[in-house]
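Structure below is run.cif: mmCIF, C-alpha atoms and all ligand atoms.
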data_target
loop_
_atom_site.label_atom_id
_atom_site.label_comp_id
_atom_site.auth_asym_id
_atom_site.auth_seq_id
_atom_site.Cartn_x
_atom_site.Cartn_y
_atom_site.Cartn_z
CA MET A 1 101.46 179.78 -76.65
CA THR A 2 101.71 176.05 -77.22
CA ASN A 3 103.09 174.13 -74.29
CA PRO A 4 106.68 173.24 -75.36
CA ALA A 5 106.67 170.07 -73.29
CA GLU A 6 103.55 168.87 -75.11
CA VAL A 7 105.15 169.62 -78.47
CA LEU A 8 108.08 167.42 -77.51
CA GLY A 9 105.64 164.78 -76.24
CA LEU A 10 107.17 164.88 -72.76
CA PRO A 11 105.31 163.07 -70.00
CA LYS A 12 103.46 165.00 -67.35
CA PRO A 13 104.38 163.87 -63.84
CA ALA A 14 102.71 160.45 -63.78
CA TRP A 15 101.81 160.45 -60.08
CA ALA A 16 100.29 163.86 -60.44
CA ALA A 17 96.85 164.66 -59.21
CA ASP A 18 95.05 167.03 -61.61
CA GLU A 19 96.11 170.01 -59.58
CA VAL A 20 99.80 169.09 -59.89
CA GLY A 21 99.34 168.54 -63.64
CA MET A 22 97.85 172.02 -63.91
CA LEU A 23 100.76 173.49 -61.98
CA TYR A 24 103.16 171.69 -64.35
CA ASP A 25 101.35 173.17 -67.38
CA MET A 26 101.43 176.62 -65.88
CA ALA A 27 105.11 176.30 -64.94
CA THR A 28 106.16 175.11 -68.43
CA ARG A 29 104.28 178.04 -69.98
CA PHE A 30 105.92 180.46 -67.55
CA MET A 31 109.41 179.08 -68.26
CA ALA A 32 108.77 179.13 -72.04
CA GLU A 33 107.32 182.64 -72.12
CA GLU A 34 109.23 184.48 -69.39
CA ILE A 35 112.58 182.74 -69.00
CA ALA A 36 113.50 180.91 -72.23
CA PRO A 37 113.32 183.98 -74.53
CA ARG A 38 115.81 185.82 -72.30
CA TYR A 39 117.93 182.82 -71.37
CA ASP A 40 120.90 183.74 -73.61
CA GLU A 41 120.99 187.15 -71.93
CA PHE A 42 120.83 185.51 -68.48
CA GLU A 43 123.70 183.20 -69.43
CA LYS A 44 125.73 186.18 -70.61
CA ASN A 45 125.03 188.07 -67.37
CA GLU A 46 125.68 184.88 -65.41
CA MET A 47 122.43 185.30 -63.49
CA VAL A 48 118.69 185.42 -63.95
CA ASP A 49 117.45 188.90 -63.07
CA ARG A 50 115.61 189.74 -59.85
CA GLU A 51 112.50 190.73 -61.81
CA SER A 52 112.12 187.15 -63.07
CA TRP A 53 112.22 185.90 -59.49
CA LEU A 54 109.45 188.32 -58.55
CA LYS A 55 107.43 187.21 -61.58
CA ALA A 56 107.89 183.57 -60.57
CA GLY A 57 106.65 184.51 -57.10
CA ALA A 58 103.61 186.30 -58.51
CA ALA A 59 102.86 183.24 -60.67
CA GLY A 60 102.85 180.97 -57.60
CA LEU A 61 106.07 179.17 -58.51
CA LEU A 62 107.94 180.00 -55.31
CA CYS A 63 107.31 178.06 -52.10
CA ALA A 64 104.59 175.88 -53.65
CA SER A 65 104.98 173.35 -50.85
CA MET A 66 104.96 175.86 -47.99
CA PRO A 67 101.76 176.27 -45.96
CA GLU A 68 99.33 178.92 -47.19
CA LYS A 69 99.48 180.77 -43.88
CA TYR A 70 103.13 181.57 -44.65
CA GLY A 71 102.40 182.73 -48.19
CA GLY A 72 102.99 179.36 -49.90
CA SER A 73 100.55 177.28 -51.93
CA GLY A 74 100.10 174.48 -49.40
CA GLY A 75 101.37 171.76 -51.75
CA THR A 76 103.77 168.84 -51.33
CA PHE A 77 107.04 167.78 -52.94
CA ALA A 78 104.90 166.69 -55.91
CA HIS A 79 104.27 170.37 -56.62
CA GLU A 80 107.97 171.23 -56.30
CA SER A 81 108.81 168.34 -58.60
CA ALA A 82 106.33 169.60 -61.22
CA ILE A 83 108.07 173.00 -61.22
CA ILE A 84 111.58 171.53 -61.46
CA GLU A 85 110.43 169.17 -64.24
CA ALA A 86 109.02 172.18 -66.10
CA ILE A 87 112.41 173.93 -65.82
CA GLY A 88 114.17 170.83 -67.18
CA HIS A 89 111.65 170.18 -69.93
CA VAL A 90 111.89 173.77 -71.18
CA GLY A 91 115.68 173.77 -70.76
CA VAL A 92 116.29 176.69 -68.41
CA ASP A 93 118.20 174.66 -65.83
CA GLY A 94 120.22 177.59 -64.43
CA PHE A 95 117.15 179.24 -62.87
CA GLY A 96 117.85 178.40 -59.22
CA ILE A 97 114.31 178.31 -57.86
CA GLY A 98 114.48 174.57 -57.17
CA LEU A 99 117.08 175.14 -54.47
CA HIS A 100 115.15 178.12 -53.09
CA ASN A 101 111.87 176.17 -52.97
CA SER A 102 112.75 172.69 -51.93
CA ILE A 103 115.98 173.17 -49.99
CA VAL A 104 116.11 176.63 -48.39
CA ALA A 105 112.42 177.17 -47.52
CA PRO A 106 112.01 173.71 -45.91
CA TYR A 107 114.86 174.43 -43.44
CA ILE A 108 112.94 177.49 -42.26
CA LEU A 109 109.66 175.57 -42.13
CA HIS A 110 111.06 172.57 -40.26
CA TYR A 111 113.46 174.24 -37.84
CA GLY A 112 112.37 177.88 -37.69
CA SER A 113 110.49 179.40 -34.76
CA GLU A 114 106.99 180.74 -35.42
CA GLU A 115 108.46 184.22 -35.56
CA GLN A 116 111.15 183.19 -38.09
CA LYS A 117 108.57 181.46 -40.31
CA GLU A 118 106.28 184.49 -40.27
CA LYS A 119 109.16 186.79 -41.02
CA TRP A 120 110.89 184.91 -43.83
CA LEU A 121 108.60 182.46 -45.60
CA PRO A 122 106.11 185.01 -47.03
CA LYS A 123 108.99 186.99 -48.54
CA LEU A 124 110.59 183.84 -49.93
CA ALA A 125 107.20 183.12 -51.55
CA THR A 126 107.06 186.48 -53.30
CA GLY A 127 110.71 186.48 -54.35
CA GLU A 128 111.51 189.56 -52.24
CA LEU A 129 113.91 187.24 -50.46
CA ILE A 130 116.03 184.92 -52.59
CA GLY A 131 117.41 181.93 -50.72
CA ALA A 132 120.79 180.21 -50.66
CA ILE A 133 122.45 177.61 -48.47
CA ALA A 134 126.13 178.03 -47.74
CA MET A 135 127.76 174.78 -46.68
CA THR A 136 130.82 174.39 -48.88
CA GLU A 137 134.10 176.13 -48.06
CA PRO A 138 137.40 176.21 -49.92
CA GLY A 139 138.69 173.56 -47.47
CA ALA A 140 135.47 171.61 -46.84
CA GLY A 141 133.25 170.11 -49.53
CA SER A 142 132.48 166.41 -49.24
CA ASP A 143 133.71 166.44 -45.66
CA LEU A 144 131.34 168.98 -44.11
CA GLN A 145 132.64 168.25 -40.64
CA GLY A 146 135.67 170.28 -41.69
CA VAL A 147 133.65 173.52 -41.88
CA LYS A 148 135.70 176.36 -40.38
CA THR A 149 133.21 179.25 -40.50
CA ARG A 150 132.88 180.30 -36.90
CA ALA A 151 129.89 181.81 -35.12
CA GLU A 152 130.83 183.21 -31.71
CA LYS A 153 128.21 184.31 -29.25
CA ASP A 154 128.56 187.92 -28.21
CA GLY A 155 125.67 188.94 -25.94
CA ASN A 156 122.48 188.57 -27.92
CA HIS A 157 124.34 188.35 -31.24
CA TYR A 158 126.52 185.90 -33.14
CA LYS A 159 129.67 187.17 -34.78
CA ILE A 160 130.30 185.15 -37.95
CA ASN A 161 133.70 184.82 -39.63
CA GLY A 162 134.62 182.62 -42.55
CA SER A 163 134.31 182.06 -46.28
CA LYS A 164 132.11 179.91 -48.47
CA THR A 165 132.42 178.93 -52.11
CA PHE A 166 130.32 177.45 -54.95
CA ILE A 167 127.13 178.91 -53.47
CA THR A 168 124.13 178.69 -55.82
CA ASN A 169 122.23 182.03 -56.14
CA GLY A 170 125.24 183.62 -54.40
CA GLN A 171 125.01 187.06 -56.06
CA LEU A 172 121.26 187.49 -55.70
CA ALA A 173 120.53 185.75 -52.42
CA ASN A 174 119.52 187.98 -49.52
CA LEU A 175 118.59 185.16 -47.14
CA ILE A 176 121.44 182.73 -46.64
CA ILE A 177 121.46 179.71 -44.36
CA VAL A 178 125.06 179.50 -43.22
CA VAL A 179 126.61 176.31 -41.87
CA THR A 180 128.78 177.44 -38.97
CA LYS A 181 130.68 176.04 -36.03
CA THR A 182 129.35 177.40 -32.75
CA ASP A 183 131.65 175.04 -30.84
CA PRO A 184 134.65 173.95 -32.94
CA GLU A 185 135.83 171.55 -30.21
CA LYS A 186 132.75 169.39 -30.67
CA GLY A 187 133.09 168.65 -34.41
CA ALA A 188 129.74 167.72 -35.98
CA LYS A 189 128.00 168.32 -32.65
CA GLY A 190 129.31 171.89 -32.64
CA THR A 191 127.70 172.71 -36.00
CA SER A 192 124.79 175.19 -36.19
CA LEU A 193 122.72 176.68 -39.00
CA ILE A 194 122.38 180.45 -38.78
CA VAL A 195 120.34 182.64 -41.11
CA VAL A 196 122.00 185.76 -42.47
CA GLU A 197 119.77 188.40 -44.01
CA THR A 198 122.35 190.10 -46.15
CA ASP A 199 120.46 193.42 -46.46
CA GLU A 200 120.59 193.85 -42.71
CA VAL A 201 124.21 193.18 -41.83
CA GLU A 202 127.65 194.68 -42.17
CA GLY A 203 130.78 192.71 -42.98
CA PHE A 204 129.15 190.45 -45.55
CA GLU A 205 130.79 190.45 -48.98
CA ARG A 206 130.03 188.63 -52.17
CA GLY A 207 133.13 187.38 -53.97
CA ARG A 208 133.42 186.31 -57.59
CA ASN A 209 130.45 185.07 -59.56
CA LEU A 210 132.38 181.95 -60.57
CA ASP A 211 133.17 181.18 -64.22
CA LYS A 212 131.70 177.69 -64.76
CA ILE A 213 131.57 175.35 -67.74
CA GLY A 214 127.78 175.03 -67.48
CA LEU A 215 124.69 176.30 -65.66
CA LYS A 216 125.87 179.69 -66.88
CA ALA A 217 122.64 181.43 -65.91
CA ASN A 218 123.23 180.66 -62.25
CA ASP A 219 125.23 183.00 -60.06
CA THR A 220 127.32 180.39 -58.25
CA SER A 221 129.57 182.48 -56.00
CA GLU A 222 132.07 182.96 -53.23
CA LEU A 223 130.80 184.56 -50.02
CA PHE A 224 132.79 186.18 -47.23
CA PHE A 225 131.77 186.83 -43.63
CA ASN A 226 133.93 189.32 -41.74
CA ASP A 227 132.61 189.91 -38.22
CA VAL A 228 129.04 189.66 -39.51
CA ARG A 229 126.74 190.25 -36.53
CA VAL A 230 123.30 188.66 -36.51
CA PRO A 231 120.86 188.33 -33.60
CA THR A 232 121.06 185.00 -31.74
CA SER A 233 117.39 184.59 -32.73
CA ASN A 234 118.63 183.84 -36.28
CA LEU A 235 119.80 180.40 -35.13
CA LEU A 236 117.68 177.66 -36.74
CA GLY A 237 116.38 175.31 -34.08
CA HIS A 238 116.01 175.73 -30.35
CA GLU A 239 119.61 175.10 -29.42
CA GLU A 240 123.12 175.22 -30.83
CA GLY A 241 124.87 172.13 -32.15
CA LYS A 242 121.94 170.68 -34.08
CA GLY A 243 123.13 171.77 -37.54
CA PHE A 244 124.56 168.45 -38.64
CA VAL A 245 121.45 166.53 -37.66
CA GLN A 246 119.29 169.10 -39.46
CA LEU A 247 121.43 168.77 -42.61
CA MET A 248 121.17 164.97 -42.47
CA GLN A 249 117.38 165.09 -42.06
CA GLN A 250 116.91 167.29 -45.12
CA LEU A 251 119.27 165.37 -47.38
CA PRO A 252 116.74 162.92 -48.87
CA GLN A 253 114.72 165.75 -50.41
CA GLU A 254 117.83 167.59 -51.60
CA ARG A 255 119.11 164.47 -53.30
CA LEU A 256 115.77 163.58 -54.78
CA GLN A 257 115.44 167.00 -56.36
CA ILE A 258 118.76 166.52 -58.16
CA GLY A 259 117.12 163.38 -59.55
CA THR A 260 114.16 165.53 -60.67
CA GLY A 261 116.42 167.75 -62.76
CA ALA A 262 118.13 164.65 -64.14
CA ILE A 263 115.02 162.81 -65.31
CA ALA A 264 113.57 165.97 -66.84
CA MET A 265 116.72 166.66 -68.86
CA ILE A 266 116.98 163.01 -69.91
CA GLU A 267 113.45 163.18 -71.35
CA ARG A 268 114.09 166.46 -73.13
CA ALA A 269 117.41 165.30 -74.58
CA LEU A 270 115.78 162.18 -75.99
CA ALA A 271 112.79 164.05 -77.45
CA ILE A 272 115.00 166.63 -79.14
CA THR A 273 117.37 163.98 -80.48
CA ILE A 274 114.59 161.80 -81.87
CA ASP A 275 113.27 164.86 -83.77
CA TYR A 276 116.77 165.67 -85.01
CA VAL A 277 117.65 162.22 -86.35
CA LYS A 278 114.35 162.10 -88.23
CA GLU A 279 115.24 165.34 -90.07
CA ARG A 280 118.96 164.97 -90.67
CA LYS A 281 120.09 162.89 -93.65
CA ALA A 282 123.30 161.07 -94.58
CA PHE A 283 124.01 158.51 -97.30
CA GLY A 284 120.57 159.24 -98.78
CA LYS A 285 118.53 158.41 -95.72
CA ALA A 286 117.48 159.86 -92.39
CA ILE A 287 119.91 159.24 -89.52
CA ILE A 288 117.15 157.38 -87.69
CA ASP A 289 117.08 154.79 -90.46
CA PHE A 290 120.54 153.51 -89.50
CA GLN A 291 120.23 150.52 -87.24
CA ASN A 292 122.90 151.92 -84.90
CA THR A 293 120.73 154.99 -84.29
CA GLN A 294 117.66 152.89 -83.60
CA PHE A 295 119.54 150.56 -81.23
CA LYS A 296 121.18 153.44 -79.37
CA LEU A 297 117.89 155.28 -78.96
CA ALA A 298 116.08 152.07 -78.04
CA GLU A 299 118.60 151.51 -75.25
CA LEU A 300 118.43 155.09 -74.01
CA LYS A 301 114.64 155.21 -74.14
CA THR A 302 114.49 151.97 -72.14
CA GLU A 303 116.85 153.35 -69.49
CA ALA A 304 114.94 156.64 -69.38
CA THR A 305 111.73 154.70 -68.81
CA ILE A 306 113.32 152.70 -65.99
CA GLY A 307 114.62 155.98 -64.55
CA ARG A 308 111.17 157.57 -64.67
CA VAL A 309 109.54 154.61 -62.93
CA PHE A 310 112.20 154.64 -60.20
CA TYR A 311 111.91 158.42 -59.83
CA ASN A 312 108.11 158.35 -59.57
CA ASP A 313 108.35 155.64 -56.94
CA CYS A 314 110.82 157.75 -54.91
CA VAL A 315 108.47 160.75 -55.11
CA ALA A 316 105.47 158.70 -54.04
CA ARG A 317 107.46 157.31 -51.10
CA HIS A 318 108.76 160.74 -50.17
CA ILE A 319 105.29 162.27 -50.15
CA ALA A 320 104.14 159.43 -47.92
CA GLY A 321 107.06 160.23 -45.59
CA GLY A 322 109.03 157.08 -46.28
CA LEU A 323 111.95 157.93 -48.56
CA ASP A 324 115.02 156.70 -46.70
CA PRO A 325 118.41 158.44 -47.16
CA VAL A 326 119.95 155.39 -48.88
CA THR A 327 117.29 155.22 -51.61
CA ALA A 328 117.53 159.00 -52.04
CA SER A 329 121.31 158.59 -52.53
CA MET A 330 120.62 155.91 -55.15
CA ALA A 331 118.26 158.28 -56.97
CA LYS A 332 120.80 161.12 -56.93
CA TYR A 333 123.71 159.03 -58.12
CA TRP A 334 121.97 156.75 -60.60
CA LEU A 335 119.77 159.36 -62.27
CA SER A 336 122.58 161.91 -62.61
CA ASP A 337 124.92 159.24 -64.02
CA LEU A 338 122.21 158.24 -66.49
CA GLN A 339 121.70 161.90 -67.38
CA GLY A 340 125.39 162.22 -68.26
CA LYS A 341 125.27 159.09 -70.40
CA VAL A 342 122.03 159.98 -72.25
CA VAL A 343 123.09 163.55 -72.99
CA ASP A 344 126.50 162.39 -74.23
CA GLU A 345 125.01 159.76 -76.56
CA CYS A 346 122.36 162.21 -77.79
CA LEU A 347 125.06 164.76 -78.59
CA GLN A 348 126.92 162.10 -80.58
CA LEU A 349 123.80 161.50 -82.69
CA HIS A 350 123.77 165.22 -83.56
CA GLY A 351 127.25 164.95 -85.11
CA GLY A 352 129.16 168.25 -85.35
CA TYR A 353 126.00 170.25 -84.79
CA GLY A 354 125.79 168.80 -81.31
CA TYR A 355 129.07 170.53 -80.48
CA MET A 356 127.68 173.93 -81.50
CA ASN A 357 126.34 176.08 -78.70
CA GLU A 358 123.32 177.12 -80.76
CA TYR A 359 121.95 173.56 -80.47
CA PRO A 360 120.15 172.84 -77.18
CA ILE A 361 121.92 169.51 -76.73
CA ALA A 362 125.25 171.40 -76.36
CA ARG A 363 123.90 173.40 -73.44
CA MET A 364 122.51 170.23 -71.86
CA TYR A 365 125.94 168.61 -72.17
CA ARG A 366 127.51 171.50 -70.24
CA ASP A 367 124.72 171.76 -67.69
CA ALA A 368 124.50 168.02 -66.96
CA ARG A 369 128.06 167.55 -65.76
CA VAL A 370 127.73 169.18 -62.37
CA GLN A 371 124.82 166.99 -61.35
CA ARG A 372 127.28 164.21 -60.50
CA ILE A 373 129.27 166.61 -58.31
CA TYR A 374 127.00 168.84 -56.21
CA GLY A 375 124.53 167.80 -53.53
CA GLY A 376 127.15 165.29 -52.37
CA THR A 377 129.31 163.74 -55.11
CA ASN A 378 128.24 160.43 -56.61
CA GLU A 379 131.20 158.79 -54.87
CA ILE A 380 129.85 160.00 -51.53
CA MET A 381 126.41 158.61 -52.51
CA LYS A 382 128.00 155.18 -53.13
CA LEU A 383 129.81 155.43 -49.80
CA LEU A 384 126.46 155.99 -48.05
CA ILE A 385 124.79 153.14 -49.95
CA GLY A 386 127.78 150.90 -49.23
CA ARG A 387 127.59 151.61 -45.51
CA SER A 388 124.00 150.41 -45.42
CA LEU A 389 124.76 146.99 -46.88
C1 LIG B 401 127.66 174.58 -59.76
C2 LIG B 401 127.81 174.23 -58.32
C3 LIG B 401 126.82 174.64 -57.42
C4 LIG B 401 126.96 174.34 -56.04
N1 LIG B 401 126.03 174.84 -55.16
C5 LIG B 401 126.28 174.73 -53.82
C6 LIG B 401 125.44 175.39 -52.86
O1 LIG B 401 124.44 176.05 -53.20
N2 LIG B 401 125.78 175.30 -51.55
C7 LIG B 401 126.86 174.60 -51.11
O2 LIG B 401 127.11 174.58 -49.92
N3 LIG B 401 127.67 173.95 -51.99
C8 LIG B 401 127.41 174.00 -53.32
N4 LIG B 401 128.25 173.38 -54.23
C9 LIG B 401 129.40 172.62 -53.73
C10 LIG B 401 129.28 171.12 -53.92
O3 LIG B 401 128.27 170.58 -53.09
C11 LIG B 401 130.67 170.52 -53.67
O4 LIG B 401 131.46 170.93 -54.77
C12 LIG B 401 130.66 169.02 -53.53
O5 LIG B 401 130.02 168.63 -52.34
C13 LIG B 401 132.05 168.40 -53.57
O6 LIG B 401 132.91 169.04 -52.69
P1 LIG B 401 134.36 169.54 -53.22
O7 LIG B 401 134.11 170.36 -54.44
O8 LIG B 401 135.08 170.18 -52.11
O9 LIG B 401 135.09 168.24 -53.69
P2 LIG B 401 136.05 167.29 -52.77
O10 LIG B 401 135.36 166.98 -51.51
O11 LIG B 401 137.39 167.91 -52.71
O12 LIG B 401 136.12 165.98 -53.66
C14 LIG B 401 137.06 165.78 -54.73
C15 LIG B 401 136.90 164.36 -55.26
O13 LIG B 401 137.21 163.44 -54.22
C16 LIG B 401 136.14 162.53 -54.04
N5 LIG B 401 136.02 162.15 -52.63
C17 LIG B 401 135.97 162.97 -51.54
N6 LIG B 401 135.81 162.25 -50.43
C18 LIG B 401 135.75 160.95 -50.81
C19 LIG B 401 135.59 159.72 -50.11
N7 LIG B 401 135.43 159.68 -48.78
N8 LIG B 401 135.58 158.57 -50.83
C20 LIG B 401 135.73 158.60 -52.17
N9 LIG B 401 135.87 159.72 -52.89
C21 LIG B 401 135.89 160.89 -52.22
C22 LIG B 401 134.91 163.28 -54.52
O14 LIG B 401 133.86 162.39 -54.86
C23 LIG B 401 135.47 164.04 -55.70
O15 LIG B 401 135.49 163.20 -56.82
C24 LIG B 401 128.08 173.60 -55.59
C25 LIG B 401 129.04 173.17 -56.52
C26 LIG B 401 128.92 173.49 -57.84
C27 LIG B 401 130.01 173.04 -58.78
#
Please express what this file holds, its structure, as structure tokens.
Ligand SMILES: Cc1cc2nc3c(=O)[nH]c(=O)nc-3n(C[C@H](O)[C@H](O)[C@H](O)COP(=O)(O)OP(=O)(O)OC[C@H]3O[C@@H](n4cnc5c(N)ncnc54)[C@H](O)[C@@H]3O)c2cc1C
Amino acid sequence: MTNPAEVLGLPKPAWAADEVGMLYDMATRFMAEEIAPRYDEFEKNEMVDRESWLKAGAAGLLCASMPEKYGGSGGTFAHESAIIEAIGHVGVDGFGIGLHNSIVAPYILHYGSEEQKEKWLPKLATGELIGAIAMTEPGAGSDLQGVKTRAEKDGNHYKINGSKTFITNGQLANLIIVVTKTDPEKGAKGTSLIVVETDEVEGFERGRNLDKIGLKANDTSELFFNDVRVPTSNLLGHEEGKGFVQLMQQLPQERLQIGTGAIAMIERALAITIDYVKERKAFGKAIIDFQNTQFKLAELKTEATIGRVFYNDCVARHIAGGLDPVTASMAKYWLSDLQGKVVDECLQLHGGYGYMNEYPIARMYRDARVQRIYGGTNEIMKLLIGRSL
């Protein structure tokens, strides 16, 4: 099958070594052949099926940046970026492997004991375990210090009680990193990350698979913990109370990967729209022949190019270990804002057809909106940037 990203003339990751370029090619083919043909069905079911996760694992698309000795491919964030760009370029943005790969697995790698890594990472790499991270609660979103989910020590177990909402991969996930309070008196310093293997516990319940305006193929859900008992060895890190620091340390990569999805969709939206305005005619000429169309697209293409250069620079810095949280916040906020703007303008250039769900730009319009909200809202990003001035 022809590589869909090549057909659209989309750029391969510019900073990519050959090996990353090859992974990108393989990932775009996988998304185009295995996920895209069934994507309407996945949107209707409000989740991608487990079999597709296992296939992604078999194809080497899970845990690409985890060490080989734990079942990964031994890559870097460049590899993860190539996979997320492939998802965005093919247009299957609801497939939640980006979060699994570059958010959940790194917590285990960075804070897990040797035993935890050996136990969980190989299964995350095959797709036998599907990962989620449960921070948000009905009463605590932007202000994570307000988390109420409680983990009480009871001998060699923790007893977890609380509820979470808006959790990506929430129906499928069987390995969930739960943000809990082990010592509510201590605020942020009483926060701990505890892994819940859902197949091995009682008292864990999945709530609604939430009805969203976009990202329909993702099973964003409510989760409930009622006296869920897990061994104390499921704590991430050597001691309690380190959860907030661990969250803060991982945020640059989490924010950058929202930027990855943004730049990929921006490029796809532009490519699709340029094709469309060359075909569609009004007043006896192609839509692209109107000066307004050319000026609009010239502006958007310029901004997309600036976005790509900024993004590539952030990735290069991140791989070298030097992406600071403020720049990562800039990438998250600015690229997701630009994504919203580009997709909206591209939809406008499609006229009424852009409002029809059968046109890809309509799905992008729905899927883009949440990028400004999750991973820390763009207002919170500006707050963090502002504090650094
Ligand atoms: C599709 C989807 C998937 C998600 N996936 C996950 C997931 O996997 N795991 C997870 O834990 N969470 C997830 N979330 C939750 C997401 O991270 C939160 O929705 C987000 O952090 C915002 O929190 P909130 O919804 O409680 O909004 P609120 O915190 O109530 O914010 C409401 C508004 O107030 C603004 N605001 C809040 N505080 C300030 C301030 N100090 N200054 C200025 N403005 C402020 C916000 O910017 C926002 O505009 C997901 C959400 C969605 C929609």
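By chain and then residue number, the residues within 12 Å of Lys281 (chain A) are A:Tyr276, A:Val277, A:Lys285, A:Ala286, A:Ile287, A:Ile288, A:Asp289, A:Phe290, A:Leu349, A:His350, A:Gly351, counting all atoms listed in the file and disregarding those fewer than 4 positions away in sequence.
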Go ahead and write the selection's residues with C-alpha atoms as a PDB file, in the frame of the given file.
ATOM      1  CA  TYR A 276     116.770 165.670 -85.010  1.00  0.00           C
ATOM      2  CA  VAL A 277     117.650 162.220 -86.350  1.00  0.00           C
ATOM      3  CA  LYS A 285     118.530 158.410 -95.720  1.00  0.00           C
ATOM      4  CA  ALA A 286     117.480 159.860 -92.390  1.00  0.00           C
ATOM      5  CA  ILE A 287     119.910 159.240 -89.520  1.00  0.00           C
ATOM      6  CA  ILE A 288     117.150 157.380 -87.690  1.00  0.00           C
ATOM      7  CA  ASP A 289     117.080 154.790 -90.460  1.00  0.00           C
ATOM      8  CA  PHE A 290     120.540 153.510 -89.500  1.00  0.00           C
ATOM      9  CA  LEU A 349     123.800 161.500 -82.690  1.00  0.00           C
ATOM     10  CA  HIS A 350     123.770 165.220 -83.560  1.00  0.00           C
ATOM     11  CA  GLY A 351     127.250 164.950 -85.110  1.00  0.00           C
TER      12      GLY A 351
END
Write out as an mmCIF file with C-alpha atoms, in the frame of the given file each polymer residue whose atoms come within 9 Å of Ile272 (chain A), counting all atoms listed in the file; drop sequence neighbours fewer than 2 positions from it.
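The new file around-v1.cif reads:
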data_model
loop_
_atom_site.group_PDB
_atom_site.id
_atom_site.type_symbol
_atom_site.label_atom_id
_atom_site.label_comp_id
_atom_site.auth_asym_id
_atom_site.auth_seq_id
_atom_site.Cartn_x
_atom_site.Cartn_y
_atom_site.Cartn_z
ATOM 1 C CA LEU A 8 108.080 167.420 -77.510
ATOM 2 C CA GLU A 267 113.450 163.180 -71.350
ATOM 3 C CA ARG A 268 114.090 166.460 -73.130
ATOM 4 C CA ALA A 269 117.410 165.300 -74.580
ATOM 5 C CA LEU A 270 115.780 162.180 -75.990
ATOM 6 C CA ILE A 274 114.590 161.800 -81.870
ATOM 7 C CA ASP A 275 113.270 164.860 -83.770
ATOM 8 C CA TYR A 276 116.770 165.670 -85.010
ATOM 9 C CA VAL A 277 117.650 162.220 -86.350
ATOM 10 C CA CYS A 346 122.360 162.210 -77.790
ATOM 11 C CA PRO A 360 120.150 172.840 -77.180
ATOM 12 C CA ILE A 361 121.920 169.510 -76.730
#
Which residues of chain A have any atom within 10 Å of an atom in ligand LIG 401 (chain B) when counting only C-alpha atoms and all ligand atoms, and what is the closest pair of atoms for each, with the distance in Å to one decimal? Order the rows by chain and rising number and write it as a tab-separated table.
residue	atom	partner	partner_atom	distance
A:Gly94	CA	B:LIG401	C1	9.3
A:Gly96	CA	B:LIG401	O1	9.2
A:Leu99	CA	B:LIG401	O1	7.5
A:His100	CA	B:LIG401	O1	9.5
A:Ile103	CA	B:LIG401	O1	9.5
A:Val104	CA	B:LIG401	O1	9.6
A:Gly131	CA	B:LIG401	O1	9.5
A:Ala132	CA	B:LIG401	O1	6.1
A:Ile133	CA	B:LIG401	N2	5.1
A:Ala134	CA	B:LIG401	O2	4.2
A:Met135	CA	B:LIG401	O2	3.3
A:Thr136	CA	B:LIG401	O2	3.9
A:Glu137	CA	B:LIG401	O8	7.3
A:Pro138	CA	B:LIG401	O8	6.8
A:Gly139	CA	B:LIG401	O8	6.8
A:Ala140	CA	B:LIG401	O8	5.5
A:Gly141	CA	B:LIG401	O8	3.2
A:Ser142	CA	B:LIG401	O10	3.7
A:Asp143	CA	B:LIG401	O10	6.1
A:Leu144	CA	B:LIG401	O5	8.3
A:Lys164	CA	B:LIG401	O2	7.5
A:Thr165	CA	B:LIG401	N3	6.9
A:Phe166	CA	B:LIG401	C24	4.5
A:Ile167	CA	B:LIG401	O1	3.9
A:Thr168	CA	B:LIG401	O1	3.7
A:Asn169	CA	B:LIG401	O1	7.0
A:Gly170	CA	B:LIG401	O1	7.7
A:Ile176	CA	B:LIG401	O1	9.8
A:Ile177	CA	B:LIG401	O2	9.4
A:Val178	CA	B:LIG401	O2	8.6
A:Val179	CA	B:LIG401	O2	8.2
A:Leu210	CA	B:LIG401	C1	8.8
A:Asp211	CA	B:LIG401	C1	9.7
A:Lys212	CA	B:LIG401	C1	7.1
A:Ile213	CA	B:LIG401	C1	8.9
A:Gly214	CA	B:LIG401	C1	7.7
A:Leu215	CA	B:LIG401	C1	6.8
A:Lys216	CA	B:LIG401	C1	8.9
A:Asn218	CA	B:LIG401	C1	7.9
A:Asp219	CA	B:LIG401	C1	8.8
A:Thr220	CA	B:LIG401	C3	5.8
A:Ser221	CA	B:LIG401	C3	8.4
A:Asp367	CA	B:LIG401	C1	8.9
A:Arg369	CA	B:LIG401	C27	9.1
A:Val370	CA	B:LIG401	C27	5.7
A:Gln371	CA	B:LIG401	C1	8.3
A:Arg372	CA	B:LIG401	O14	8.9
A:Ile373	CA	B:LIG401	C12	5.5
A:Tyr374	CA	B:LIG401	O3	3.8
A:Gly375	CA	B:LIG401	O3	4.7
A:Gly376	CA	B:LIG401	O5	4.4
A:Thr377	CA	B:LIG401	O14	4.8
A:Asn378	CA	B:LIG401	O14	6.2
A:Glu379	CA	B:LIG401	O14	4.5
A:Ile380	CA	B:LIG401	O14	5.7
A:Met381	CA	B:LIG401	O14	8.7
A:Lys382	CA	B:LIG401	C20	8.5
A:Leu383	CA	B:LIG401	N8	6.6
A:Leu384	CA	B:LIG401	N7	9.7
For Gly71 (chain A), the nearest of the candidates A:Leu23, A:Ala298, A:Leu124, A:Val309, counting all atoms listed in the file: A:Leu124
